[in-house]
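Asker: Would you mind keeping the following structure in view while I ask a few things?
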Number of protein chains: 2
Amino acid sequence: MILLDGKALFQKIKLDLSNEVQRLLDENKKAPHLAAILVGDDPASDTYVNAKMKACREIGFESSVFRYPNDVSQNTLLDKIFEINDDDNIDGLIVQLPLPHHIDENDITHSISHKKDVDGFHPVNIGRMVLGLPTFLPATPFGIVSLLDEYNIETSGKKCLVLGRSHIVGTPISILLSRNTRLGNATVTLAHSRTKNLDKLTMEADIIIVAIGSPNFLKSSMIKKNTIIIDVGIHRIESTQTKSGYKLVGDVDFNDVQNYVSHITPVPGGVGPMTIASLLKNTLYSAKKVIYSST
Amino acid sequence: MILLDGKALFQKIKLDLSNEVQRLLDENKKAPHLAAILVGDDPASDTYVNAKMKACREIGFESSVFRYPNDVSQNTLLDKIFEINDDDNIDGLIVQLPLPHHIDENDITHSISHKKDVDGFHPVNIGRMVLGLPTFLPATPFGIVSLLDEYNIETSGKKCLVLGRSHIVGTPISILLSRNTRLGNATVTLAHSRTKNLDKLTMEADIIIVAIGSPNFLKSSMIKKNTIIIDVGIHRIESTQTKSGYKLVGDVDFNDVQNYVSHITPVPGGVGPMTIASLLKNTLYSAKKVIYSST
């Protein structure tokens, strides 16, 4: 069994990106700049934003966090987004989700200029992905294909099963892996809560992407030998085996499947770091105007 | 075997739409207006545009065709598109494809305002479809789900196989049928030229959408009993059985499969008319500002 080590690849990508930053500075250009909007005081959101900003600092990107209280008005957020959209000094903008219930998440994320949408959530970027045009790929799917690429995993002609049809992972990764590109060309089935006979589908798949948000869901009894597994889930569950009293697990029962698979992502240290890596890559692409020629 | 009669449903939709036009006129509103840009003198393109314009006249829509010679410049077309984008009198705009080689089809179709993109080809509309937001659904996939709906074909939990991953049919219908909506919730597999063991997939599918552009490709030996088949192909092949010396066939060998299937679209008279029906429906939605509140 080979571990698909997202943490190690993240380090490698950060090194590449810091070299790119140095090249930009050598050409008297400015470093890429990622801005984040963070609302409220959810500890998980705080942790995620901090991890992204820390990664920016490590590779020499500029970064900004704009924090707002939980009762901020939607208009205040929109005004800030429009200001950043027009700010030539900022290349990428993310709004950490979830947002408080009085805020419309679609209104907010879709008001970010698609030219600074480094999370790849904007309809324009998703539509361009479907059409095979240059775009900011959604960060988690982009991270998954980068990981498959790093480990030279052939996807062409392979039966690929995606479990879960969320807008930010399941649906876009199913599209990406189907496209006629070097990292696509798989025969993809998208399964979800209404899917029947799921065990038959998991048993036949060469590659399974699990993104259903259910701890330890996928078991060895459901898969064939030498399957390649990407685990997008991350859950904090109670544990008597750790000092902290909890441990992190994915949507896959890692201990149960590890001797049956050919490759698998660990949790943590698999897909998670790759999502941040993609965000940084998209921010560089924005600064270098690789996807869109002007902001 | 039940024929999925697109021609009959088209007549029914035209009746509904002409009643809608009458209601708009009774409210002293204007009739919906569909404009088409037609370049060159390809007979097939001419036929398609004429069929669309004829349908408009039949239901009381206004219609305009702007014709250009084969050597028209891209800028001339773009200027016309921008003019129509700003024309409050026109609700929907289509550019008949294919375009001459010196014209960039993406540049042209993506310069149509997404608020008048009644073909549903614009990245914004495709992205919004993926995200489950109100949108102009791409005309052929929209026609297919309307036909399934008309015949009360249950898609939820069904194994659906889409053959062909084109941007205008295969890829979007695979997304539409996967979504968590009344006409979706199918477990969809998208197959294409790199797919292996296709016969196994066709044999297991409850619903097969065939859009690969290969005459008489799907045979009875490839499917199980009582499959539901949607045939998107249309080909003109030589025939000694007709006066004209040719006949129209689909991607499915109709004569061969007809006794094995539970439902099937004929060619012609299946998906083809439904594509025009969708175009008209989208034009009405545009006139009534159902999808986007302003133009």
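Lettering and numbering for the structure tokens are positional, with chains as A, B, ... in the shown order, residues counted from 1 in each chain, and ligands counted from 1 in the shown order.
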Among the residues of stretch 14-90 of chain A, find those DSSP assigns to helix (DSSP H, G or I) from the backbone and print them as number ranges by chain.
Answerer: A: 14-26, 43-59, 74-85
Asker: Write out as an NGL selection string which residues come within 10 Å of B:Asp5 when counting only C-alpha atoms, dropping same-chain ones fewer than 4 positions away.
Answerer: :B and (9-10 or 147 or 150-151 or 263-271 or 273-274)
Asker: B:Gly233: which residues within 12 Å, counting only C-alpha atoms, same-chain residues fewer than 4 positions away excluded, as JSON, numbers by chain?
Answerer: {"B": [140, 163, 164, 169, 170, 209, 210, 211, 212, 213, 214, 215, 216, 217, 218, 229, 248, 249, 250, 251, 252, 253, 254, 265, 266, 267, 268, 269, 270, 271, 272]}
Asker: I'd like the neighbourhood of A:Leu34 as number ranges by chain, where a residue qualifies if any of its atoms comes within 10 Å (using only C-alpha atoms), though same-chain residues fewer than 6 positions away should be ignored.
Answerer: A: 52-53, 56, 61-65, 89-94, 116, 118, 279-280, 282-284, 286-287
Asker: Suppose we keep C-alpha atoms; can you now write the selection as a PDB file, in the first residue's frame?
Answerer:
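New file out.pdb:
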ATOM      1  CA  LYS A  52      -3.989  29.406   4.748  1.00  0.00           C
ATOM      2  CA  MET A  53      -2.405  32.650   5.917  1.00  0.00           C
ATOM      3  CA  CYS A  56       1.145  32.406   2.440  1.00  0.00           C
ATOM      4  CA  PHE A  61       2.901  35.661  -0.545  1.00  0.00           C
ATOM      5  CA  GLU A  62       1.309  38.737   0.926  1.00  0.00           C
ATOM      6  CA  SER A  63      -1.835  38.007   2.892  1.00  0.00           C
ATOM      7  CA  SER A  64      -4.653  39.902   4.587  1.00  0.00           C
ATOM      8  CA  VAL A  65      -7.486  38.783   6.822  1.00  0.00           C
ATOM      9  CA  ASN A  89      -2.880  44.959  -5.031  1.00  0.00           C
ATOM     10  CA  ILE A  90      -4.948  41.860  -4.144  1.00  0.00           C
ATOM     11  CA  ASP A  91      -4.874  38.840  -6.484  1.00  0.00           C
ATOM     12  CA  GLY A  92      -7.093  36.327  -4.737  1.00  0.00           C
ATOM     13  CA  LEU A  93     -10.038  36.608  -2.359  1.00  0.00           C
ATOM     14  CA  ILE A  94     -11.700  33.892  -0.315  1.00  0.00           C
ATOM     15  CA  LYS A 116     -10.020  36.729  -8.059  1.00  0.00           C
ATOM     16  CA  VAL A 118      -9.130  31.430  -6.206  1.00  0.00           C
ATOM     17  CA  LEU A 279      -5.512  27.882  -3.303  1.00  0.00           C
ATOM     18  CA  LEU A 280      -1.920  29.103  -3.355  1.00  0.00           C
ATOM     19  CA  ASN A 282      -4.591  29.683  -8.070  1.00  0.00           C
ATOM     20  CA  THR A 283      -3.425  32.870  -6.332  1.00  0.00           C
ATOM     21  CA  LEU A 284      -0.118  32.700  -8.208  1.00  0.00           C
ATOM     22  CA  SER A 286      -4.097  35.188 -10.735  1.00  0.00           C
ATOM     23  CA  ALA A 287      -1.042  37.343  -9.985  1.00  0.00           C
TER      24      ALA A 287
END
Asker: Where does chain A meet chain B within 7 Å, residue by residue, with the nearest atom pair and distance in Å to one decimal for each, counting only C-alpha atoms, listed by chain and rising number, as a Markdown table?
Answerer:
| residue | atom | partner | partner_atom | distance |
| --- | --- | --- | --- | --- |
| A:Pro123 | CA | B:Gly127 | CA | 4.0 |
| A:Val124 | CA | B:Val124 | CA | 4.6 |
| A:Ile126 | CA | B:Gly127 | CA | 4.8 |
| A:Gly127 | CA | B:Gly127 | CA | 3.8 |
| A:Arg128 | CA | B:Pro123 | CA | 5.4 |
| A:Leu131 | CA | B:His167 | CA | 6.0 |
| A:Ser156 | CA | B:Arg194 | CA | 6.6 |
| A:Gly157 | CA | B:Thr195 | CA | 5.0 |
| A:His167 | CA | B:Leu131 | CA | 6.0 |
| A:Asn185 | CA | B:Arg194 | CA | 6.2 |
| A:Thr187 | CA | B:Ala191 | CA | 5.5 |
| A:Val188 | CA | B:Thr189 | CA | 5.6 |
| A:Thr189 | CA | B:Thr189 | CA | 4.1 |
| A:Leu190 | CA | B:Val188 | CA | 5.8 |
| A:Ala191 | CA | B:Thr187 | CA | 5.5 |
| A:Arg194 | CA | B:Gly157 | CA | 5.1 |
| A:Thr195 | CA | B:Gly157 | CA | 5.0 |
| A:Lys196 | CA | B:Gly157 | CA | 5.8 |
Asker: If I take atom CA of A:Ile81 and atom CA of A:Ala277, how far is one from the other in Å, to one decimal?
Answerer: 23.1 Å
Asker: Show me, as a list of chain:residue names, the residues that have an atom within 10 Å of A:Leu77 when counting only C-alpha atoms, minus same-chain residues fewer than 2 positions from it.
Answerer: A:Ile37, A:Leu38, A:Val39, A:Phe66, A:Tyr68, A:Val72, A:Ser73, A:Gln74, A:Asn75, A:Asp79, A:Lys80, A:Ile81, A:Phe82, A:Glu83, A:Val95, A:Ile103, A:Ile108, A:Ser111
Asker: May I have the selected residues written with C-alpha atoms, as a CSV table (one decimal), in the first residue's frame?
Answerer:
chain,number,residue,atom,x,y,z
A,37,ILE,CA,-12.8,37.5,4.9
A,38,LEU,CA,-13.6,35.8,8.1
A,39,VAL,CA,-16.9,36.3,9.9
A,66,PHE,CA,-10.5,41.0,7.2
A,68,TYR,CA,-16.1,40.8,11.1
A,72,VAL,CA,-22.1,41.9,10.4
A,73,SER,CA,-24.6,43.0,7.7
A,74,GLN,CA,-24.5,41.4,4.3
A,75,ASN,CA,-24.0,44.9,2.8
A,79,ASP,CA,-18.9,46.6,0.1
A,80,LYS,CA,-15.6,45.0,1.3
A,81,ILE,CA,-15.7,42.4,-1.5
A,82,PHE,CA,-16.3,45.1,-4.2
A,83,GLU,CA,-13.5,47.2,-2.7
A,95,VAL,CA,-14.6,34.1,2.1
A,103,ILE,CA,-26.1,36.1,5.2
A,108,ILE,CA,-21.5,36.7,-1.1
A,111,SER,CA,-20.0,38.8,-5.8
Asker: Can you work out the spacing between atom CA of B:Asp149 and atom CA of B:Arg182 in Å, to one decimal?
Answerer: 9.2 Å
Asker: Could you tell me how far atom CA of A:Lys14 sits from atom CA of A:Lys30, in Å to one decimal place?
Answerer: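 Taking atom CA of A:Lys30 as the start and atom CA of A:Lys14 as the end point, the length is 17.6 Å.
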Asker: For the strand (DSSP E) assignment from backbone DSSP, which residues of stretch 7-103 of chain A qualify? Please present them as a list of chain:residue names.
Answerer: A:His33, A:Leu34, A:Ala35, A:Ala36, A:Ile37, A:Leu38, A:Val39, A:Glu62, A:Ser63, A:Ser64, A:Val65, A:Phe66, A:Arg67, A:Tyr68, A:Gly92, A:Leu93, A:Ile94, A:Val95
Asker: Got time to write the residues from that selection, N, CA and C atoms, as a compact mmCIF listing (two decimals), in the first residue's frame?
Answerer:
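Output below, filename result_39.txt:
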# COMPACT_ATOMS: atom_id res chain seq x y z
N HIS A 33 -0.85 38.16 -3.66
CA HIS A 33 -1.50 38.59 -2.42
C HIS A 33 -2.86 37.92 -2.29
N LEU A 34 -3.01 37.12 -1.24
CA LEU A 34 -4.28 36.44 -0.96
C LEU A 34 -4.99 37.12 0.20
N ALA A 35 -6.25 37.48 0.01
CA ALA A 35 -7.04 38.07 1.08
C ALA A 35 -8.15 37.11 1.49
N ALA A 36 -8.45 37.11 2.80
CA ALA A 36 -9.54 36.26 3.31
C ALA A 36 -10.49 37.11 4.13
N ILE A 37 -11.76 36.83 4.00
CA ILE A 37 -12.78 37.45 4.85
C ILE A 37 -13.27 36.39 5.82
N LEU A 38 -13.24 36.72 7.11
CA LEU A 38 -13.61 35.75 8.15
C LEU A 38 -14.67 36.39 9.03
N VAL A 39 -15.81 35.72 9.14
CA VAL A 39 -16.94 36.26 9.91
C VAL A 39 -17.19 35.38 11.14
N GLU A 62 1.96 37.81 0.00
CA GLU A 62 1.31 38.74 0.93
C GLU A 62 -0.05 38.16 1.30
N SER A 63 -0.52 38.51 2.49
CA SER A 63 -1.83 38.01 2.89
C SER A 63 -2.54 39.03 3.78
N SER A 64 -3.85 39.01 3.73
CA SER A 64 -4.65 39.90 4.59
C SER A 64 -5.87 39.14 5.07
N VAL A 65 -6.22 39.34 6.31
CA VAL A 65 -7.49 38.78 6.82
C VAL A 65 -8.36 39.94 7.28
N PHE A 66 -9.58 39.96 6.79
CA PHE A 66 -10.54 40.96 7.22
C PHE A 66 -11.58 40.26 8.09
N ARG A 67 -11.58 40.59 9.38
CA ARG A 67 -12.45 39.90 10.33
C ARG A 67 -13.69 40.75 10.64
N TYR A 68 -14.82 40.08 10.74
CA TYR A 68 -16.07 40.77 11.05
C TYR A 68 -16.81 40.00 12.14
N GLY A 92 -6.11 37.37 -5.02
CA GLY A 92 -7.09 36.33 -4.74
C GLY A 92 -7.90 36.68 -3.50
N LEU A 93 -9.18 36.32 -3.52
CA LEU A 93 -10.04 36.61 -2.36
C LEU A 93 -10.87 35.37 -2.03
N ILE A 94 -10.83 34.98 -0.77
CA ILE A 94 -11.70 33.89 -0.32
C ILE A 94 -12.55 34.39 0.84
N VAL A 95 -13.76 33.86 0.93
CA VAL A 95 -14.61 34.12 2.09
C VAL A 95 -14.77 32.79 2.79
